[in-house]
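J.: This is input-v1.cif (mmCIF, C-alpha atoms (C1' of nucleotides)).
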```
data_my_file
loop_
_atom_site.label_atom_id
_atom_site.label_comp_id
_atom_site.auth_asym_id
_atom_site.auth_seq_id
_atom_site.Cartn_x
_atom_site.Cartn_y
_atom_site.Cartn_z
CA MET A 113 -2.49 12.99 -7.78
CA THR A 114 0.92 14.15 -8.82
CA HIS A 115 2.17 13.70 -5.31
CA GLY A 116 -0.16 10.76 -4.85
CA ALA A 117 1.68 8.69 -7.41
CA ILE A 118 4.97 9.43 -5.72
CA PHE A 119 3.86 8.41 -2.26
CA ASP A 120 2.10 5.40 -3.64
CA ALA A 121 5.30 4.39 -5.36
CA LEU A 122 7.42 4.82 -2.25
CA GLY A 123 4.81 3.17 -0.09
CA ASP A 124 5.85 -0.32 -1.05
CA PRO A 125 8.93 -1.69 0.78
CA THR A 126 10.29 -3.55 -2.23
CA ARG A 127 9.87 -0.50 -4.40
CA ARG A 128 11.69 1.58 -1.83
CA ALA A 129 14.51 -0.96 -1.91
CA VAL A 130 14.75 -0.56 -5.66
CA PHE A 131 14.72 3.18 -5.30
CA GLU A 132 17.44 3.16 -2.68
CA ARG A 133 19.48 0.76 -4.73
CA LEU A 134 19.33 3.25 -7.57
CA ALA A 135 20.34 6.00 -5.20
CA LEU A 136 23.70 4.28 -4.97
CA GLY A 137 24.12 4.46 -8.71
CA ALA A 138 22.54 3.52 -12.05
CA ALA A 139 21.82 -0.15 -12.66
CA SER A 140 19.99 -2.46 -15.04
CA VAL A 141 16.90 -4.51 -14.22
CA GLY A 142 18.81 -7.75 -13.91
CA GLU A 143 21.40 -6.24 -11.62
CA ILE A 144 18.73 -4.92 -9.31
CA ALA A 145 16.81 -8.19 -9.31
CA ARG A 146 19.95 -10.07 -8.40
CA THR A 147 20.43 -8.09 -5.22
CA LEU A 148 16.79 -8.43 -4.19
CA PRO A 149 14.76 -11.46 -3.08
CA VAL A 150 12.22 -10.99 -5.87
CA SER A 151 12.05 -12.08 -9.48
CA ARG A 152 13.06 -9.91 -12.39
CA PRO A 153 9.55 -9.25 -13.69
CA ALA A 154 8.63 -7.95 -10.26
CA VAL A 155 11.48 -5.48 -10.40
CA SER A 156 10.44 -4.48 -13.88
CA GLN A 157 6.93 -3.73 -12.68
CA HIS A 158 8.20 -1.73 -9.76
CA LEU A 159 10.41 0.28 -12.06
CA LYS A 160 7.41 0.98 -14.22
CA VAL A 161 5.57 2.48 -11.26
CA LEU A 162 8.62 4.44 -10.18
CA ALA A 163 9.06 5.74 -13.71
CA ALA A 164 5.41 6.82 -13.86
CA ALA A 165 6.01 8.82 -10.69
CA ARG A 166 9.07 10.40 -12.29
CA LEU A 167 11.27 9.03 -9.58
CA VAL A 168 13.45 7.05 -11.99
CA ARG A 169 14.21 7.23 -15.68
CA SER A 170 15.30 4.51 -18.08
CA GLN A 171 17.98 4.72 -20.71
CA ALA A 172 18.41 2.06 -23.37
CA GLU A 173 21.96 0.80 -23.62
CA GLY A 174 22.22 -2.01 -26.09
CA THR A 175 19.98 -4.82 -24.97
CA ARG A 176 20.04 -3.58 -21.42
CA ARG A 177 18.00 -0.81 -19.94
CA VAL A 178 19.89 1.20 -17.39
CA TYR A 179 17.80 2.93 -14.75
CA GLU A 180 18.78 5.97 -12.73
CA LEU A 181 17.14 8.45 -10.42
CA ASP A 182 15.06 11.20 -11.92
CA ALA A 183 15.32 14.63 -10.36
CA VAL A 184 11.81 15.56 -11.50
CA GLY A 185 9.90 13.36 -9.08
CA ILE A 186 12.27 13.99 -6.23
CA GLU A 187 12.02 17.71 -6.72
CA SER A 188 8.24 17.42 -6.81
CA LEU A 189 8.38 15.56 -3.55
CA ARG A 190 10.58 18.19 -1.99
CA SER A 191 8.20 20.93 -3.01
CA TYR A 192 5.42 19.01 -1.30
CA PHE A 193 7.14 19.17 2.05
CA GLU A 194 8.07 22.77 1.47
CA ARG A 195 4.54 23.59 2.55
CA PHE A 196 5.10 22.09 5.97
CA TRP A 197 8.43 23.76 6.60
CA ALA A 198 7.36 27.21 5.53
CA GLY A 199 3.80 26.82 6.72
CA ARG A 200 2.10 25.75 9.89
CA LEU A 201 4.89 23.45 11.01
CA GLY A 202 7.26 26.21 11.98
CA ALA A 203 4.59 27.85 14.07
CA PHE A 204 3.68 24.83 16.14
CA LYS A 205 7.18 23.43 16.23
CA SER A 206 8.12 25.37 19.32
CA ALA A 207 5.06 24.13 21.15
CA ALA A 208 5.86 20.56 20.13
CA GLU A 209 9.38 20.83 21.46
CA SER A 210 8.30 22.30 24.75
CA GLY A 211 5.83 19.59 25.65
CA ARG A 212 7.51 16.34 24.70
CA LYS A 213 5.80 13.46 26.43
CA GLU A 214 5.15 10.11 24.80
CA HIS A 215 3.15 7.02 25.67
CA ARG A 216 5.33 4.45 23.91
CA MET B 636 12.13 0.42 9.05
CA THR B 637 12.05 3.78 10.72
CA HIS B 638 11.47 5.46 7.43
CA GLY B 639 9.47 2.51 6.27
CA ALA B 640 6.69 3.24 8.69
CA ILE B 641 6.56 6.83 7.50
CA PHE B 642 6.31 6.02 3.83
CA ASP B 643 3.87 3.25 4.55
CA ALA B 644 1.73 5.72 6.47
CA LEU B 645 1.81 8.33 3.73
CA GLY B 646 1.28 5.73 1.04
CA ASP B 647 -2.45 5.57 1.60
CA PRO B 648 -4.51 8.36 0.00
CA THR B 649 -7.00 8.62 2.84
CA ARG B 650 -4.22 8.74 5.38
CA ARG B 651 -2.55 11.47 3.38
CA ALA B 652 -5.83 13.38 3.44
CA VAL B 653 -5.90 13.12 7.21
CA PHE B 654 -2.33 14.25 7.39
CA GLU B 655 -2.94 17.22 5.14
CA ARG B 656 -6.05 18.13 7.06
CA LEU B 657 -3.94 18.25 10.19
CA ALA B 658 -1.41 20.39 8.39
CA LEU B 659 -4.07 23.08 8.33
CA GLY B 660 -4.41 22.95 12.09
CA ALA B 661 -5.14 20.66 15.01
CA ALA B 662 -8.45 18.79 15.01
CA SER B 663 -10.32 16.03 16.82
CA VAL B 664 -11.16 12.64 15.36
CA GLY B 665 -14.79 13.51 14.79
CA GLU B 666 -13.95 16.77 13.07
CA ILE B 667 -11.64 15.01 10.66
CA ALA B 668 -14.12 12.23 9.95
CA ARG B 669 -16.81 14.78 9.17
CA THR B 670 -14.77 16.33 6.38
CA LEU B 671 -13.84 12.97 4.88
CA PRO B 672 -15.96 10.34 3.10
CA VAL B 673 -15.00 7.67 5.60
CA SER B 674 -16.35 6.61 8.98
CA ARG B 675 -14.93 7.75 12.29
CA PRO B 676 -13.36 4.39 13.21
CA ALA B 677 -11.51 4.43 9.92
CA VAL B 678 -10.05 7.82 10.79
CA SER B 679 -9.12 6.53 14.21
CA GLN B 680 -7.23 3.64 12.68
CA HIS B 681 -5.41 5.90 10.29
CA LEU B 682 -4.42 8.20 13.10
CA LYS B 683 -3.03 5.22 14.94
CA VAL B 684 -0.76 4.43 12.02
CA LEU B 685 0.25 8.05 11.62
CA ALA B 686 1.00 8.28 15.33
CA ALA B 687 3.14 5.14 15.17
CA ALA B 688 5.16 6.83 12.42
CA ARG B 689 5.56 9.92 14.60
CA LEU B 690 3.82 12.03 12.02
CA VAL B 691 1.04 13.11 14.37
CA ARG B 692 0.63 13.29 18.11
CA SER B 693 -2.51 13.13 20.22
CA GLN B 694 -3.45 15.30 23.14
CA ALA B 695 -6.35 14.48 25.45
CA GLU B 696 -8.68 17.39 25.93
CA GLY B 697 -11.63 16.39 28.03
CA THR B 698 -13.52 13.66 26.25
CA ARG B 699 -11.99 14.66 22.94
CA ARG B 700 -8.57 13.79 21.61
CA VAL B 701 -7.02 16.57 19.61
CA TYR B 702 -4.47 15.55 17.02
CA GLU B 703 -1.70 17.70 15.58
CA LEU B 704 1.38 17.25 13.45
CA ASP B 705 4.49 15.86 15.07
CA ALA B 706 7.79 17.36 14.04
CA VAL B 707 9.66 14.16 14.87
CA GLY B 708 8.42 12.08 11.95
CA ILE B 709 8.54 14.96 9.53
CA GLU B 710 12.08 15.78 10.50
CA SER B 711 12.99 12.13 10.09
CA LEU B 712 11.49 12.22 6.64
CA ARG B 713 13.45 15.31 5.74
CA SER B 714 16.71 13.73 6.85
CA TYR B 715 15.91 10.78 4.60
CA PHE B 716 15.88 12.95 1.50
CA GLU B 717 18.92 14.82 2.69
CA ARG B 718 20.91 11.86 1.42
CA PHE B 719 19.74 12.44 -2.11
CA TRP B 720 20.47 16.14 -2.14
CA ALA B 721 23.90 15.88 -0.62
CA GLY B 722 24.73 12.56 -2.24
CA ARG B 723 24.56 11.10 -5.68
CA LEU B 724 21.69 13.23 -6.88
CA GLY B 725 23.65 16.43 -7.10
CA ALA B 726 26.28 14.70 -9.18
CA PHE B 727 23.97 13.26 -11.79
CA LYS B 728 21.59 16.17 -11.74
CA SER B 729 23.58 18.11 -14.30
CA ALA B 730 23.60 15.12 -16.62
CA ALA B 731 19.87 14.73 -16.18
CA GLU B 732 19.27 18.34 -17.07
CA SER B 733 21.48 18.23 -20.13
CA GLY B 734 19.84 15.20 -21.69
CA ARG B 735 16.16 15.81 -21.13
CA LYS B 736 14.21 13.72 -23.57
CA GLU B 737 10.86 12.23 -22.73
CA HIS B 738 8.77 9.44 -24.23
CA ARG B 739 5.41 10.59 -22.96
"C1'" DG C 1456 -26.42 8.62 39.19
"C1'" DG C 1457 -28.49 8.37 34.55
"C1'" DG C 1458 -27.85 10.02 30.02
"C1'" DT C 1459 -25.03 11.73 26.25
"C1'" DT C 1460 -21.00 12.50 23.49
"C1'" DC C 1461 -16.51 11.14 21.95
"C1'" DG C 1462 -12.84 7.48 20.88
"C1'" DG C 1463 -10.52 3.20 20.62
"C1'" DT C 1464 -11.03 -1.89 19.58
"C1'" DA C 1465 -12.71 -6.41 17.48
"C1'" DA C 1466 -14.64 -8.99 13.90
"C1'" DG C 1467 -15.55 -9.54 9.20
"C1'" DC C 1468 -15.75 -8.57 4.40
"C1'" DG C 1469 -14.13 -7.03 -0.05
"C1'" DT C 1470 -10.77 -5.29 -3.10
"C1'" DA C 1471 -6.28 -3.66 -4.62
"C1'" DG C 1472 -1.83 -5.07 -5.66
"C1'" DA C 1473 2.51 -7.77 -5.23
"C1'" DC C 1474 4.39 -11.89 -6.83
"C1'" DT C 1475 5.45 -15.91 -9.93
"C1'" DA C 1476 5.28 -18.42 -14.24
"C1'" DA C 1477 5.15 -18.41 -19.16
"C1'" DC C 1478 5.55 -16.05 -23.58
"C1'" DG C 1479 7.29 -12.83 -27.14
"C1'" DG C 1480 10.60 -9.39 -28.92
"C1'" DT C 1481 14.99 -7.18 -29.70
"C1'" DA C 1482 19.98 -6.58 -29.69
"C1'" DA C 1483 24.66 -8.57 -29.40
"C1'" DG C 1484 27.90 -12.53 -30.33
"C1'" DT C 1485 29.65 -16.40 -33.23
"C1'" DA D 157 21.38 -17.05 -39.85
"C1'" DC D 158 21.33 -19.20 -35.37
"C1'" DT D 159 22.04 -18.85 -30.69
"C1'" DT D 160 22.26 -16.45 -26.43
"C1'" DA D 161 21.20 -12.92 -23.15
"C1'" DC D 162 18.31 -9.30 -21.46
"C1'" DC D 163 13.96 -7.14 -20.84
"C1'" DG D 164 8.81 -6.02 -21.05
"C1'" DT D 165 4.03 -7.95 -20.84
"C1'" DT D 166 0.20 -10.86 -19.68
"C1'" DA D 167 -2.51 -14.12 -16.95
"C1'" DG D 168 -3.51 -15.85 -12.68
"C1'" DT D 169 -3.07 -16.61 -7.63
"C1'" DC D 170 -2.83 -15.12 -2.98
"C1'" DT D 171 -1.97 -12.12 0.71
"C1'" DA D 172 -2.40 -7.54 2.91
"C1'" DC D 173 -5.15 -3.92 4.38
"C1'" DG D 174 -8.77 -0.32 4.21
"C1'" DC D 175 -13.55 0.09 5.39
"C1'" DT D 176 -17.86 -0.71 8.00
"C1'" DT D 177 -20.74 -2.43 11.71
"C1'" DA D 178 -21.07 -3.33 16.45
"C1'" DC D 179 -19.49 -3.18 21.14
"C1'" DC D 180 -17.26 -1.11 25.15
"C1'" DG D 181 -14.81 2.34 28.14
"C1'" DA D 182 -14.13 7.16 29.68
"C1'" DA D 183 -15.24 11.89 30.54
"C1'" DC D 184 -18.64 15.91 30.69
"C1'" DC D 185 -23.72 17.68 31.74
"C1'" DC D 186 -28.22 17.73 33.95
#
```
What does this structure look like when you write it as structure tokens?
T.:
Amino acid sequence: MTHGAIFDALGDPTRRAVFERLALGAASVGEIARTLPVSRPAVSQHLKVLAAARLVRSQAEGTRRVYELDAVGIESLRSYFERFWAGRLGAFKSAAESGRKEHR
Amino acid sequence: MTHGAIFDALGDPTRRAVFERLALGAASVGEIARTLPVSRPAVSQHLKVLAAARLVRSQAEGTRRVYELDAVGIESLRSYFERFWAGRLGAFKSAAESGRKEHR
DNA sequence: GGGTTCGGTAAGCGTAGACTAACGGTAAGT
DNA sequence: ACTTACCGTTAGTCTACGCTTACCGAACCC
């Protein structure tokens, strides 16, 4: 559920665009909405979901609310994949590299 | 778009369950469906999406199709987050750790 | 060759959620 | 104090998609 919220948040394309926009630097809601083809309330809702997943954090600055990335959610996400690197993935990785044959 | 397919695939809870099941070891469609509260066709559809995102790969074995994790998609996903570690995140991380004040 | 098991596909339905529009609230500017 | 700008919230609509049922093809067993 912890990880579930994160993947659910990043599952939406628009939300990923907001997230990646914030990866370039902190920005307010209006600034983000201006660079995206969606309305401001939509961005606000997306930020709410991202904040719930601890991927971003808000910071009141006068009448504006500046958003920036939150290391908590990202670290949580990294720890999720840690299982695959350290775990089974390393074992089967050699086999996957040996037989590489695709149908696409 | 490349990463989009991956996040879109992992965005669904059921699909994540399939993915995590496969992280424990290779399995056929029927085996996966038996451990999940969904029908077999549903699992098949999810596997199709996961395969399109290069997160899993199929391997015909008689009349059964054994699925296993694919390092390609996972590696692609890891490279995506590499940006955050090497990039802006490291810079603001110290600031985030200094001012840690939550509203929850 | 008939029967059985295993998977992918098509059609259809139902629900979650993404979006816009409208309203209210708070801080800065004059 | 009034105006302006910025943001969050709610209500409501509409599309996307996850699930099931049903059908069909392919590979093993007798």
J.: Give the answer as one residue: which of B:Tyr715, B:Ala686, B:His681, B:Pro676 has the shortest atom-to-atom distance to chain C, using all atoms listed in the file?
T.: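 Smallest separation from chain C among the options: B:Pro676.
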J.: Once the PyMOL selection byres ((chain C and resi 1477) around 12) has been evaluated on this model, what residues remain selected, and can you format them as number ranges by chain?
T.: A: 153; C: 1475-1476, 1478-1479; D: 165-168
J.: Can I get the selection written as a JSON list (two decimals), in the coordinates of the input, with C-alpha atoms (C1' of nucleotides)?
T.:
```json
[["chain", "number", "residue", "atom", "x", "y", "z"],
["A", 153, "PRO", "CA", 9.55, -9.25, -13.69],
["C", 1475, "DT", "C1'", 5.45, -15.91, -9.93],
["C", 1476, "DA", "C1'", 5.28, -18.42, -14.24],
["C", 1478, "DC", "C1'", 5.55, -16.05, -23.58],
["C", 1479, "DG", "C1'", 7.29, -12.83, -27.14],
["D", 165, "DT", "C1'", 4.03, -7.95, -20.84],
["D", 166, "DT", "C1'", 0.20, -10.86, -19.68],
["D", 167, "DA", "C1'", -2.51, -14.12, -16.95],
["D", 168, "DG", "C1'", -3.51, -15.85, -12.68]]
```
J.: Return as JSON, numbers by chain the residues belonging to chain C that are within 10 Å of chain B, counting all atoms listed in the file.
T.: {"C": [1460, 1461, 1462, 1463, 1464]}
J.: Pull out every residue of chain A that has at least one atom within 7 Å of chain B, counting only C-alpha atoms, and report them as a list in words.
T.: Gly116, Phe119, Asp120, Leu122, Gly123, Asp124, Pro125, Ala135, Leu136, Ala183, Arg200 and Lys205 of chain A
J.: Evaluated on this file, the PyMOL selection byres ((chain D) within 12 of (chain B)) picks out some residues - which ones are they, written as a PyMOL selection string?
T.: chain D and resi 173-178+181-184
J.: Please report the interatomic distance between atom CA of Arg669 of chain B and atom CA of Val691 of chain B in Å with one decimal.
T.: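 Distance reported for this atom pair: 18.7 Å.
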J.: Rounded to one decimal, what separation in Å do you get between atom CA of Gly185 of chain A and atom C1' of DC163 of chain D?
T.: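 A separation of 24.0 Å between them.
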J.: Between A:Ser188, A:Arg133, A:Pro149, A:Val178, single out the one closest to DC162 of chain D, counting all atoms listed in the file.
T.: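 Among A:Ser188, A:Arg133, A:Pro149, A:Val178, it is A:Val178 that comes nearest to DC162 of chain D.
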J.: Can you work out the spacing between atom C1' of DC158 of chain D and atom C1' of DT1481 of chain C in Å, to one decimal?
T.: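 Taking atom C1' of DC158 of chain D as the start and atom C1' of DT1481 of chain C as the end point, the length is 14.7 Å.
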